[in-house]
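Novice: For reference, the file protein-v1.txt (compact mmCIF, C-alpha atoms) is included below:
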```
# COMPACT_ATOMS: atom_id res chain seq x y z
CA MET A 813 36.71 48.38 -40.99
CA LEU A 814 36.52 46.88 -44.49
CA THR A 815 39.32 44.43 -43.66
CA LEU A 816 37.44 43.29 -40.56
CA ALA A 817 34.23 42.90 -42.56
CA GLY A 818 36.17 40.87 -45.14
CA GLN A 819 37.57 38.57 -42.44
CA ASN A 820 34.07 37.97 -41.07
CA LEU A 821 32.87 36.96 -44.51
CA LEU A 822 35.33 34.09 -44.69
CA THR A 823 33.79 31.97 -41.95
CA PRO A 824 32.55 28.39 -42.47
CA MET A 825 28.97 29.54 -41.74
CA ILE A 826 28.84 32.34 -44.29
CA LEU A 827 30.64 30.23 -46.91
CA SER A 828 28.23 27.30 -46.33
CA PHE A 829 25.32 29.68 -46.85
CA ALA A 830 26.97 31.03 -50.01
CA LEU A 831 27.45 27.47 -51.29
CA GLY A 832 23.74 26.72 -50.80
CA GLY A 833 22.74 29.97 -52.48
CA LEU A 834 25.05 29.32 -55.42
CA ALA A 835 23.78 25.74 -55.80
CA ALA A 836 20.19 27.02 -55.98
CA LEU A 837 21.03 29.78 -58.42
CA VAL A 838 22.76 27.37 -60.85
CA ARG A 839 19.81 24.97 -60.40
CA SER A 840 21.83 22.14 -58.83
CA ASP A 841 19.74 19.24 -57.50
CA LEU A 842 21.45 19.60 -54.10
CA SER A 843 18.83 19.45 -51.35
CA VAL A 844 18.60 18.82 -47.61
CA PRO A 845 15.75 16.48 -46.59
CA GLU A 846 12.94 18.40 -44.89
CA ALA A 847 13.06 16.21 -41.78
CA ALA A 848 16.83 16.77 -41.44
CA ALA A 849 16.40 20.55 -41.79
CA LYS A 850 13.69 20.54 -39.11
CA THR A 851 15.84 18.43 -36.78
CA MET A 852 18.77 20.81 -37.21
CA ALA A 853 16.49 23.79 -36.54
CA LEU A 854 15.24 22.13 -33.32
CA TYR A 855 18.82 21.40 -32.25
CA LEU A 856 20.00 24.96 -32.93
CA LEU A 857 17.07 26.52 -31.07
CA PHE A 858 17.55 24.20 -28.09
CA ALA A 859 21.31 24.76 -27.95
CA ILE A 860 21.14 28.54 -28.28
CA GLY A 861 18.34 28.79 -25.70
CA PHE A 862 20.10 26.46 -23.26
CA LYS A 863 23.45 28.27 -23.50
CA GLY A 864 21.73 31.63 -22.96
CA GLY A 865 19.91 30.27 -19.90
CA VAL A 866 23.15 28.93 -18.40
CA ALA A 867 24.82 32.32 -18.93
CA VAL A 868 21.94 34.09 -17.14
CA SER A 869 22.05 31.55 -14.29
CA LYS A 870 25.61 32.79 -13.64
CA SER A 871 24.94 36.52 -13.97
CA GLY A 872 21.40 36.57 -12.54
CA ILE A 873 18.41 38.65 -13.63
CA ASP A 874 18.87 42.32 -12.83
CA GLY A 875 17.70 45.70 -14.06
CA GLN A 876 20.00 45.44 -17.08
CA VAL A 877 18.22 42.28 -18.28
CA LEU A 878 14.79 43.86 -17.86
CA ALA A 879 15.95 47.03 -19.62
CA ALA A 880 17.29 44.99 -22.56
CA LEU A 881 14.00 43.09 -22.78
CA ALA A 882 12.05 46.36 -22.73
CA ALA A 883 14.31 47.86 -25.40
CA GLY A 884 13.89 44.79 -27.62
CA ILE A 885 10.10 44.87 -27.27
CA ALA A 886 10.04 48.63 -27.97
CA LEU A 887 12.14 48.13 -31.12
CA SER A 888 9.80 45.38 -32.29
CA PHE A 889 6.80 47.68 -31.79
CA VAL A 890 8.36 50.71 -33.50
CA LEU A 891 10.34 49.24 -36.43
CA PRO A 892 7.20 48.15 -38.34
CA VAL A 893 6.02 51.79 -38.36
CA VAL A 894 9.31 52.82 -40.00
CA ALA A 895 9.11 49.88 -42.41
CA PHE A 896 5.50 50.72 -43.26
CA GLY A 897 6.36 54.34 -44.03
CA LEU A 898 9.30 53.32 -46.20
CA LEU A 899 7.25 50.74 -48.07
CA ARG A 900 4.51 53.27 -48.87
CA VAL A 901 7.17 55.59 -50.31
CA MET A 902 9.41 53.03 -52.03
CA SER A 903 6.79 50.66 -53.46
CA ARG A 904 3.25 50.42 -54.74
CA LEU A 905 2.14 47.99 -52.04
CA SER A 906 -1.34 48.55 -50.63
CA ALA A 907 -1.62 49.55 -46.98
CA VAL A 908 -2.51 46.00 -45.94
CA GLU A 909 0.37 44.47 -47.89
CA ALA A 910 2.77 47.07 -46.52
CA ALA A 911 1.54 46.34 -42.99
CA ALA A 912 2.06 42.59 -43.50
CA VAL A 913 5.62 43.13 -44.80
CA ALA A 914 6.31 45.60 -41.98
CA ALA A 915 5.40 42.93 -39.40
CA HIS A 916 8.14 40.69 -40.81
CA TYR A 917 10.69 43.48 -40.37
CA GLY A 918 9.70 44.29 -36.80
CA SER A 919 10.07 40.65 -35.79
CA ILE A 920 13.38 38.76 -35.83
CA SER A 921 15.18 35.96 -37.65
CA ILE A 922 16.50 33.47 -35.12
CA VAL A 923 18.76 31.91 -37.79
CA THR A 924 20.45 35.27 -38.41
CA PHE A 925 20.81 35.62 -34.64
CA ALA A 926 22.32 32.12 -34.39
CA THR A 927 24.75 32.86 -37.23
CA ALA A 928 25.86 36.10 -35.61
CA SER A 929 26.33 34.23 -32.30
CA GLY A 930 28.43 31.63 -34.12
CA ILE A 931 30.62 34.26 -35.77
CA LEU A 932 31.10 36.06 -32.45
CA ALA A 933 32.08 32.76 -30.82
CA LEU A 934 34.57 32.05 -33.60
CA ARG A 935 36.15 35.44 -32.94
CA GLY A 936 36.14 34.89 -29.19
CA ILE A 937 33.72 37.76 -28.54
CA GLU A 938 31.41 37.18 -25.57
CA ALA A 939 27.81 38.41 -25.55
CA GLU A 940 25.26 38.75 -22.78
CA GLY A 941 23.45 35.42 -22.40
CA TYR A 942 20.10 37.12 -21.90
CA MET A 943 20.11 38.29 -25.53
CA VAL A 944 18.41 34.94 -26.28
CA ALA A 945 15.49 36.05 -24.10
CA VAL A 946 15.49 39.41 -25.91
CA SER A 947 15.23 37.56 -29.24
CA ALA A 948 12.19 35.62 -28.01
CA ALA A 949 10.58 38.82 -26.68
CA MET A 950 11.02 40.49 -30.08
CA GLU A 951 9.17 37.78 -32.05
CA SER A 952 5.59 38.98 -31.60
CA PRO A 953 5.08 42.71 -30.77
CA ALA A 954 5.50 43.65 -34.44
CA ILE A 955 2.34 41.69 -35.26
CA ILE A 956 0.30 44.03 -33.02
CA THR A 957 1.76 47.08 -34.78
CA ALA A 958 1.01 45.55 -38.20
CA LEU A 959 -2.61 44.88 -37.27
CA TRP A 960 -2.91 48.47 -36.03
CA LEU A 961 -1.36 49.82 -39.25
CA ALA A 962 -3.75 47.71 -41.34
CA SER A 963 -6.78 48.76 -39.29
CA ARG A 964 -5.84 52.44 -39.74
CA SER A 965 -6.18 51.92 -43.48
CA GLY A 966 -9.70 50.60 -42.91
CA GLN A 967 -8.84 47.26 -44.50
CA GLY A 968 -7.79 45.27 -41.47
CA ARG A 969 -10.22 43.33 -39.34
CA ARG A 970 -10.30 42.04 -35.81
CA ALA A 971 -7.80 39.29 -35.05
CA GLU A 972 -9.23 35.80 -35.54
CA PRO A 973 -10.02 33.80 -32.39
CA GLY A 974 -7.05 31.72 -31.32
CA LEU A 975 -4.53 33.82 -33.26
CA TRP A 976 -2.67 35.05 -30.18
CA ARG A 977 -2.44 31.60 -28.69
CA GLU A 978 -0.89 30.37 -31.96
CA ILE A 979 1.57 33.29 -32.11
CA LEU A 980 2.72 33.07 -28.50
CA LEU A 981 2.85 29.27 -28.49
CA ASN A 982 4.63 29.07 -31.83
CA GLY A 983 6.94 26.05 -31.69
CA SER A 984 10.15 28.02 -32.16
CA ILE A 985 9.27 30.44 -29.33
CA VAL A 986 8.25 27.60 -26.98
CA LEU A 987 11.50 25.70 -27.65
CA LEU A 988 13.73 28.76 -27.36
CA VAL A 989 12.13 30.00 -24.13
CA GLY A 990 11.83 26.47 -22.75
CA ALA A 991 15.50 25.64 -23.42
CA PHE A 992 16.46 29.02 -21.92
CA ALA A 993 14.50 28.14 -18.77
CA ILE A 994 16.12 24.69 -18.59
CA GLY A 995 19.56 26.29 -18.93
CA MET A 996 18.73 28.84 -16.24
CA ILE A 997 17.38 26.21 -13.83
CA THR A 998 20.17 23.67 -14.29
CA GLY A 999 23.01 26.19 -14.67
CA PRO A 1000 26.67 25.17 -15.06
CA ASP A 1001 25.96 21.68 -13.63
CA GLY A 1002 23.40 21.08 -16.36
CA MET A 1003 25.81 22.41 -18.95
CA ALA A 1004 28.52 19.99 -17.79
CA LYS A 1005 26.11 17.11 -18.45
CA VAL A 1006 25.11 18.11 -22.01
CA GLU A 1007 28.09 20.19 -23.11
CA ALA A 1008 29.29 17.57 -25.60
CA PHE A 1009 25.89 17.83 -27.31
CA VAL A 1010 25.06 21.55 -27.18
CA VAL A 1011 28.50 23.14 -27.59
CA ALA A 1012 30.94 21.09 -29.70
CA PRO A 1013 28.68 20.14 -32.65
CA TRP A 1014 26.91 23.50 -32.74
CA GLN A 1015 29.10 25.29 -35.29
CA GLY A 1016 29.10 22.28 -37.64
CA VAL A 1017 25.33 21.82 -37.46
CA LEU A 1018 24.88 25.55 -38.05
CA CYS A 1019 27.02 25.27 -41.21
CA LEU A 1020 24.85 22.45 -42.56
CA PHE A 1021 21.66 24.29 -41.61
CA LEU A 1022 22.91 27.44 -43.35
CA LEU A 1023 23.69 25.39 -46.44
CA ASP A 1024 19.99 24.51 -46.51
CA MET A 1025 19.00 28.11 -45.80
CA GLY A 1026 21.25 29.14 -48.69
CA LEU A 1027 19.34 26.76 -50.94
CA VAL A 1028 16.02 28.18 -49.72
CA ALA A 1029 17.17 31.79 -50.10
CA GLY A 1030 18.65 31.09 -53.54
CA ARG A 1031 15.38 29.58 -54.74
CA GLY A 1032 13.53 32.58 -53.30
CA LEU A 1033 15.87 34.94 -55.10
CA ARG A 1034 15.42 33.00 -58.34
CA GLY A 1035 11.68 33.37 -58.06
CA ALA A 1036 11.83 37.03 -57.03
CA ARG A 1037 11.52 38.31 -60.58
CA GLY A 1038 7.94 39.32 -61.22
CA ILE A 1039 7.08 39.35 -57.51
CA ILE A 1040 9.15 42.26 -56.24
CA GLY A 1041 10.43 45.30 -58.13
CA ALA A 1042 13.50 47.50 -57.70
CA GLY A 1043 11.84 49.60 -54.96
CA LEU A 1044 11.14 46.55 -52.82
CA VAL A 1045 14.63 45.14 -53.39
CA ALA A 1046 16.04 48.47 -52.21
CA PHE A 1047 13.74 48.32 -49.17
CA GLY A 1048 15.03 44.81 -48.38
CA VAL A 1049 18.54 46.23 -48.14
CA VAL A 1050 17.86 49.66 -46.61
CA MET A 1051 15.49 48.49 -43.87
CA PRO A 1052 17.99 46.15 -42.16
CA MET A 1053 20.52 48.98 -42.04
CA ILE A 1054 17.94 51.26 -40.40
CA GLY A 1055 17.07 48.47 -37.97
CA ALA A 1056 20.74 47.88 -37.19
CA ALA A 1057 21.22 51.60 -36.51
CA ALA A 1058 18.22 51.56 -34.14
CA GLY A 1059 19.62 48.43 -32.46
CA LEU A 1060 22.99 50.12 -32.10
CA GLY A 1061 21.34 53.15 -30.48
CA ALA A 1062 19.47 50.92 -28.02
CA ALA A 1063 22.63 48.94 -27.21
CA LEU A 1064 24.60 52.14 -26.53
CA VAL A 1065 21.88 53.44 -24.20
CA LEU A 1066 21.83 50.07 -22.40
CA GLY A 1067 25.63 49.93 -22.23
CA LEU A 1068 25.82 46.44 -23.76
CA SER A 1069 29.14 44.71 -24.42
CA LEU A 1070 30.56 44.48 -27.95
CA GLY A 1071 28.93 41.06 -28.47
CA GLY A 1072 25.61 42.22 -27.02
CA THR A 1073 25.67 45.32 -29.22
CA VAL A 1074 26.21 43.20 -32.35
CA LEU A 1075 23.36 40.86 -31.38
CA MET A 1076 20.99 43.77 -30.66
CA MET A 1077 21.86 45.23 -34.09
CA VAL A 1078 21.29 41.83 -35.75
CA LEU A 1079 17.94 41.33 -34.01
CA ALA A 1080 16.71 44.76 -35.06
CA ALA A 1081 18.06 44.31 -38.59
CA SER A 1082 16.64 40.85 -39.29
CA ALA A 1083 13.24 39.93 -40.67
CA SER A 1084 11.07 36.99 -39.63
CA TYR A 1085 10.24 34.18 -42.03
CA ILE A 1086 8.95 31.56 -39.61
CA ALA A 1087 6.59 32.94 -36.95
CA VAL A 1088 5.21 36.07 -38.62
CA PRO A 1089 4.32 34.66 -42.09
CA ALA A 1090 1.86 32.16 -40.61
CA ALA A 1091 0.37 34.81 -38.32
CA MET A 1092 -0.05 37.23 -41.23
CA ARG A 1093 -1.77 34.59 -43.35
CA VAL A 1094 -4.39 34.25 -40.62
CA ALA A 1095 -4.66 37.93 -39.66
CA LEU A 1096 -4.17 39.74 -43.00
CA PRO A 1097 -5.02 37.20 -45.71
CA GLU A 1098 -5.55 39.97 -48.29
CA ALA A 1099 -1.77 40.52 -48.40
CA ASN A 1100 0.12 38.51 -51.01
CA PRO A 1101 2.36 36.13 -48.98
CA SER A 1102 4.93 35.87 -51.77
CA VAL A 1103 5.98 39.52 -51.41
CA ALA A 1104 6.91 39.41 -47.71
CA LEU A 1105 8.51 35.97 -47.87
CA THR A 1106 10.57 36.76 -50.96
CA LEU A 1107 11.75 40.01 -49.38
CA SER A 1108 12.65 38.61 -45.97
CA LEU A 1109 14.08 35.30 -47.15
CA GLY A 1110 15.39 36.15 -50.63
CA ILE A 1111 16.78 39.65 -50.02
CA THR A 1112 17.17 40.62 -46.36
CA PHE A 1113 18.31 37.27 -44.96
CA PRO A 1114 21.19 36.83 -47.45
CA PHE A 1115 22.05 40.53 -47.16
CA ASN A 1116 22.33 40.26 -43.39
CA LEU A 1117 24.36 37.06 -43.51
CA VAL A 1118 26.82 38.03 -46.20
CA PHE A 1119 27.17 41.80 -45.74
CA GLY A 1120 25.17 42.81 -42.68
CA ILE A 1121 26.69 40.76 -39.85
CA PRO A 1122 30.30 41.49 -40.86
CA ALA A 1123 29.43 45.18 -41.21
CA TYR A 1124 27.55 45.28 -37.88
CA ILE A 1125 30.53 43.70 -36.10
CA ALA A 1126 32.92 46.18 -37.72
CA VAL A 1127 30.71 49.17 -36.81
CA ALA A 1128 30.20 47.94 -33.24
CA GLU A 1129 33.96 47.37 -32.84
CA ALA A 1130 34.62 50.88 -34.10
CA ILE A 1131 32.08 52.45 -31.72
CA VAL A 1132 31.99 50.19 -28.66
CA GLY A 1133 35.59 48.94 -28.96
CA GLY A 1134 36.84 45.38 -29.09
CA MET B 120 -21.19 -4.65 -55.72
CA GLN B 121 -23.84 -2.18 -54.58
CA THR B 122 -22.54 1.42 -54.53
CA TYR B 123 -24.14 4.66 -53.38
CA THR B 124 -23.81 8.21 -54.63
CA ALA B 125 -21.87 10.63 -52.43
CA LYS B 126 -20.16 13.99 -52.87
CA ARG B 127 -16.39 14.30 -52.70
CA VAL B 128 -15.41 17.77 -51.53
CA GLU B 129 -11.78 18.83 -51.91
CA ILE B 130 -10.71 22.04 -50.21
CA LEU B 131 -7.25 23.49 -50.84
CA ILE B 132 -6.39 26.01 -48.15
CA GLU B 133 -3.39 27.74 -46.62
CA ALA B 134 -1.73 25.51 -44.04
CA PRO B 135 -2.11 28.00 -41.15
CA MET B 136 -5.90 27.84 -41.67
CA GLU B 137 -6.13 24.04 -41.57
CA SER B 138 -7.20 23.74 -37.93
CA ARG B 139 -9.86 26.43 -38.37
CA LEU B 140 -11.25 24.68 -41.44
CA THR B 141 -11.35 21.22 -39.86
CA ALA B 142 -12.97 22.70 -36.72
CA ALA B 143 -15.65 24.35 -38.89
CA LEU B 144 -16.26 21.08 -40.76
CA THR B 145 -16.58 19.13 -37.52
CA ALA B 146 -18.98 21.75 -36.15
CA ALA B 147 -21.04 21.38 -39.33
CA GLY B 148 -21.43 17.65 -38.65
CA VAL B 149 -18.85 16.25 -41.04
CA LYS B 150 -17.97 12.81 -39.69
CA GLY B 151 -14.56 12.38 -41.30
CA PHE B 152 -11.97 14.00 -43.52
CA SER B 153 -8.40 13.51 -44.70
CA VAL B 154 -5.68 16.15 -44.74
CA LEU B 155 -3.02 15.85 -47.44
CA PRO B 156 0.10 17.95 -48.06
CA VAL B 157 0.26 19.94 -51.30
CA LEU B 158 3.70 19.97 -52.93
CA GLY B 159 3.28 23.12 -54.99
CA GLY B 160 1.26 24.84 -57.65
CA ALA B 161 0.36 28.11 -59.33
CA GLY B 162 -2.51 30.53 -58.93
CA GLN B 163 -3.44 34.19 -58.59
CA SER B 164 -0.58 34.75 -56.13
CA GLY B 165 1.96 33.24 -58.53
CA ARG B 166 3.84 29.96 -58.59
CA TRP B 167 4.88 28.35 -55.32
CA SER B 168 6.51 25.18 -54.03
CA ALA B 169 6.44 23.49 -50.64
CA GLU B 170 10.18 22.92 -51.02
CA GLY B 171 12.01 25.22 -48.65
CA GLN B 172 8.85 26.42 -46.92
CA ILE B 173 9.60 27.12 -43.28
CA GLY B 174 7.22 26.68 -40.41
CA ARG B 175 3.49 26.34 -40.95
CA ALA B 176 3.48 27.53 -44.55
CA GLY B 177 2.21 26.41 -47.94
CA MET B 178 -1.09 24.70 -48.65
CA VAL B 179 -2.94 21.58 -47.56
CA ALA B 180 -5.80 19.66 -49.13
CA VAL B 181 -8.73 18.66 -46.94
CA ILE B 182 -10.84 15.96 -48.54
CA CYS B 183 -14.18 14.65 -47.34
CA LEU B 184 -16.94 12.42 -48.64
CA ILE B 185 -20.51 13.18 -47.57
CA ALA B 186 -24.08 12.33 -48.40
CA PRO B 187 -25.45 14.65 -51.14
CA GLU B 188 -28.17 16.07 -48.88
CA ARG B 189 -25.50 17.41 -46.46
CA LEU B 190 -23.42 19.15 -49.12
CA GLU B 191 -24.92 22.61 -48.64
CA VAL B 192 -24.16 22.69 -44.90
CA LEU B 193 -20.58 21.59 -45.55
CA LEU B 194 -20.03 24.19 -48.26
CA ASP B 195 -21.39 26.98 -46.06
CA ALA B 196 -19.03 25.95 -43.26
CA ALA B 197 -16.03 25.61 -45.56
CA PHE B 198 -16.61 28.85 -47.44
CA GLY B 199 -16.91 30.73 -44.16
CA VAL B 200 -13.26 29.89 -43.57
CA VAL B 201 -11.90 29.92 -47.12
CA GLU B 202 -13.63 33.15 -48.26
CA ARG B 203 -10.86 35.61 -47.30
CA HIS B 204 -7.96 33.27 -47.97
CA ILE B 205 -6.06 31.73 -50.84
CA GLY B 206 -7.93 28.51 -51.51
CA LEU B 207 -10.09 26.40 -53.72
CA ILE B 208 -13.22 24.32 -53.13
CA ASN B 209 -14.33 21.75 -55.64
CA VAL B 210 -17.08 19.16 -55.54
CA THR B 211 -17.25 15.96 -57.57
CA ASP B 212 -19.64 13.03 -57.67
CA ALA B 213 -18.33 9.83 -56.10
CA GLN B 214 -19.52 6.31 -55.44
CA VAL B 215 -19.12 4.80 -51.98
CA ILE B 216 -19.72 1.30 -50.72
CA ARG B 217 -20.62 1.86 -47.06
CA LYS B 218 -23.34 4.51 -47.27
CA ALA B 219 -23.92 4.77 -43.52
CA ARG B 220 -20.42 6.14 -42.97
CA PHE B 221 -21.11 9.35 -44.90
```
Starting from the file, lay out its structure as C-alpha cells.

Specialist:
Amino acid sequence: MLTLAGQNLLTPMILSFALGGLAALVRSDLSVPEAAAKTMALYLLFAIGFKGGVAVSKSGIDGQVLAALAAGIALSFVLPVVAFGLLRVMSRLSAVEAAAVAAHYGSISIVTFATASGILALRGIEAEGYMVAVSAAMESPAIITALWLASRSGQGRRAEPGLWREILLNGSIVLLVGAFAIGMITGPDGMAKVEAFVVAPWQGVLCLFLLDMGLVAGRGLRGARGIIGAGLVAFGVVMPMIGAAAGLGAALVLGLSLGGTVLMMVLAASASYIAVPAAMRVALPEANPSVALTLSLGITFPFNLVFGIPAYIAVAEAIVGG
Amino acid sequence: MQTYTAKRVEILIEAPMESRLTAALTAAGVKGFSVLPVLGGAGQSGRWSAEGQIGRAGMVAVICLIAPERLEVLLDAAFGVVERHIGLINVTDAQVIRKARF
C-alpha cells in the first residue's frame, strides 16, 4: 500500500503543487497572474463538468445516480456535526467559529476533486461520470448544518436576505452544473467537437493551476503561525481522514467502482475554500475568517493533495480491488 | 475656482458584503459611489493580503462624496450593514466643484 501511495505522489500534478508550495515557503517572487488563475479555474470547471455530463449521457440517469447524489448530500449535512464536535474538543474556538469552520469541512474542494480525477486518469482508472454532479450537490448542505449549529449556541442569527440565492448561484456551481448539462445534452457528438480543448490540455492546465494553488497554500501555511494552534493543525489532518472513511463507507454501500470510491472519499475528505468562505462571511460574520481559510487551504488542502489522495487510492484499491 | 464643502465617506468592508452595502446606500439616496479593490492590510483579525484570495474574498473600499446635510442618513445606512462585519467607516472633509452632483 505504501509503495502505491509513493507512486501516486510522483505525478506531475502533485509535484507542481509541491513546487508552488516550496516557492512560497522560501519566499520566491514566483506568482501566477490573478486573471490567468481565474481563467484556468474556469477551464478546469468547464472541462470536468462537461466530461462528467458526457459520461452520464452514455450511462443514463438511474437509481444508482440518485442514490449517489443522496449519499453525497447526506454526507455534506452530517460531516459538519462531526467537525463541530471535534473542534469543540480539540480547540478553543467559540461555538460560532467552530460552526463556521465545520461548514468548510462539510462542503467540498473542487480542485482536490479535479486533482484526484487527474491522478485516476493517469493511472487509467475509470470513475462514474455522475460524481461531478455529486460534487456540485455537496457544495451547499453543510452551510445549513453550520447555521443550525451556530443557532443552537444562541449566537447565530437568521440568514441574511439573498444569501441562498448567492450560495446556490455561486459562479463555480453554475459553471460546473451548466457544463455538466451541456455534456449530457450534447453527449459523445459534442465531445467529438471539443475534445481537443477539454481533454488533451486538461492535465497540463491542472499542473499549472496546482502550481498556483501551491503558492496560495504555501503562503497560507507561512501565515498560519499565530492564527491556528497545534489542536487546530491536528484537526486539519484528522478531519479529512474521518471524512474519507465516511466517504468510503458510503461508496461501499452504493457499490461504486474503484474510481468512484476514491472520488467519494476525496469529496468527503476535502474542505471548501471558495463557496463556503463567502457564505460564512455573510451568515456568521462573528467568526474569524482567517481560522477557517488557513485550516482548509493551508493544512487540509495540501494534506489531501500530497498524502490524502495517494492514501485514499491505496485504501480503495485494497478494499474495492483494482 | 469656486469650490463647495462636501463629505467624503470611505467604507472598507468585506467583499461578500459589497452588494448589500451599495444597495443600502442607494436606498438611502446616495447618488453615486466608487468601489475600489483593497490589496491587503492588518486589523483585529490579523494581517491579510488579496494575493491568493479565491472567489469573492478580501475587502473592498466604497467611496462616496455627499452634501454635509445628508451625512447622517448615509452613516445610518452604512453602519446598518457594516455593524456585524469586519470593516471601517471614515469621514473626511472635501471640496467639490459641481455642488449639484452631491

Novice: Can you tell me which residues surround B:Thr141 at a distance of at most 10 Å, considering all atoms listed in the file, apart from same-chain residues fewer than 6 positions away, and format the answer as a list in words?

Specialist: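 Within the cut-off, the hits are Ala147, Val149, Gly151, Phe152, Ser153, Val154, Val181, Ala196, Ala197 and Val200 of chain B.
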
Novice: Using only C-alpha atoms, determine which residues lie at most 8 Å from A:Ile1039, disregarding the query and same-chain residues fewer than 4 positions distant; provide the list as a list in words.

Specialist: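 After dropping sequence-adjacent residues, the list is Gly1035, Ser1102, Val1103 and Thr1106 of chain A.
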
Novice: Would you export the selected residues with C-alpha atoms as a PDB file, keeping the file's coordinate frame, please?

Specialist:
```pdb
ATOM      1  CA  GLY A1035      11.680  33.370 -58.060  1.00  0.00           C
ATOM      2  CA  SER A1102       4.930  35.870 -51.770  1.00  0.00           C
ATOM      3  CA  VAL A1103       5.980  39.520 -51.410  1.00  0.00           C
ATOM      4  CA  THR A1106      10.570  36.760 -50.960  1.00  0.00           C
TER       5      THR A1106
END
```

Novice: Between B:Ile132, B:Ala142, B:Val179, B:Ile185, single out the one closest to B:Asp212, counting all atoms listed in the file.

Specialist: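 Of B:Ile132, B:Ala142, B:Val179, B:Ile185, the one nearest B:Asp212, counting all atoms listed in the file, is B:Ile185.
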
Novice: Between B:Glu188, B:Glu129, B:Glu202, B:Asp195, which has the minimum distance to chain A (counting all atoms listed in the file)?

Specialist: B:Glu202

Novice: Using only C-alpha atoms, find the one residue out of B:Ala176, B:Thr145, B:Lys150, B:Thr124 that sits nearest to chain A.

Specialist: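 Distance minimum relative to chain A lands on B:Ala176.
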
Novice: Interatomic distance between atom CA of A:Arg900 and atom CA of A:Leu1096?

Specialist: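 So the answer is 17.1 Å.
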
Novice: Considering only C-alpha atoms, state which residue in the set A:Gly884, A:Gly864, A:Gly995, A:Pro1114 is at the smallest distance from A:Leu1060.

Specialist: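 Result for the nearest residue to A:Leu1060: A:Gly884.
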
Novice: Measuring between all atoms listed in the file, which one of B:Val192, B:Leu155, B:Ala134, B:Cys183 shows the shortest distance to chain A?

Specialist: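 For chain A, the nearest of the given residues is B:Ala134.
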
Novice: Chain A residues within 7 Å of chain B, counting only C-alpha atoms: which ones, as a list of chain:residue names?

Specialist: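 Only these qualify: A:Val1028, A:Ile1086, A:Ala1090, A:Arg1093, A:Val1094, A:Pro1097, A:Glu1098, A:Asn1100.
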
Novice: Which residue, B:Leu193, B:Ala213, B:Leu144, B:Gly206, has the smallest gap to B:Gly162 when you use all atoms listed in the file?

Specialist: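 The closest residue to B:Gly162 is B:Gly206.
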
Novice: Box along x, y and z, 8 Å on every side, all listed atoms of stretch 152-168 of chain B inside: centre and edge lengths in Å to one decimal, as AutoDock Vina command-line options.

Specialist:
```
--center_x -2.7 --center_y 24.1 --center_z -51.4 --size_x 34.5 --size_y 37.2 --size_z 31.8
```

Novice: I'd like the neighbourhood of A:Val901 as number ranges by chain, where a residue qualifies if any of its atoms comes within 10 Å (using all atoms listed in the file), though same-chain residues fewer than 5 positions away should be ignored.

Specialist: A: 895-896, 1043, 1047

Novice: Could you please determine the separation between atom CA of A:Leu975 and atom CA of A:Ala880 in Å, to one decimal place?

Specialist: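 According to the coordinates, atom CA of A:Leu975 and atom CA of A:Ala880 are separated by 26.7 Å.
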
Novice: Could you please fill out stretch 931-940 of chain A with N, CA, C and O atoms and send it back as a CSV table (one decimal), in the frame of the given file?

Specialist:
```csv
chain,number,residue,atom,x,y,z
A,931,ILE,N,29.5,33.5,-35.3
A,931,ILE,CA,30.6,34.3,-35.8
A,931,ILE,C,31.3,34.9,-34.6
A,931,ILE,O,32.5,35.0,-34.5
A,932,LEU,N,30.5,35.4,-33.6
A,932,LEU,CA,31.1,36.1,-32.4
A,932,LEU,C,31.9,35.0,-31.7
A,932,LEU,O,33.0,35.3,-31.2
A,933,ALA,N,31.4,33.8,-31.6
A,933,ALA,CA,32.1,32.8,-30.8
A,933,ALA,C,33.4,32.4,-31.5
A,933,ALA,O,34.4,32.2,-30.9
A,934,LEU,N,33.3,32.3,-32.8
A,934,LEU,CA,34.6,32.0,-33.6
A,934,LEU,C,35.6,33.1,-33.3
A,934,LEU,O,36.8,32.8,-33.3
A,935,ARG,N,35.2,34.3,-33.2
A,935,ARG,CA,36.2,35.4,-32.9
A,935,ARG,C,36.5,35.7,-31.5
A,935,ARG,O,37.2,36.6,-31.1
A,936,GLY,N,35.9,34.8,-30.6
A,936,GLY,CA,36.1,34.9,-29.2
A,936,GLY,C,35.5,36.1,-28.5
A,936,GLY,O,36.0,36.6,-27.5
A,937,ILE,N,34.4,36.6,-29.1
A,937,ILE,CA,33.7,37.8,-28.5
A,937,ILE,C,32.5,37.3,-27.7
A,937,ILE,O,31.7,36.6,-28.2
A,938,GLU,N,32.5,37.6,-26.5
A,938,GLU,CA,31.4,37.2,-25.6
A,938,GLU,C,30.2,38.1,-25.7
A,938,GLU,O,30.4,39.3,-26.0
A,939,ALA,N,29.0,37.6,-25.5
A,939,ALA,CA,27.8,38.4,-25.6
A,939,ALA,C,27.0,38.1,-24.3
A,939,ALA,O,27.1,37.0,-23.8
A,940,GLU,N,26.1,39.0,-23.9
A,940,GLU,CA,25.3,38.8,-22.8
A,940,GLU,C,24.3,37.6,-23.1
A,940,GLU,O,23.7,37.6,-24.1
```
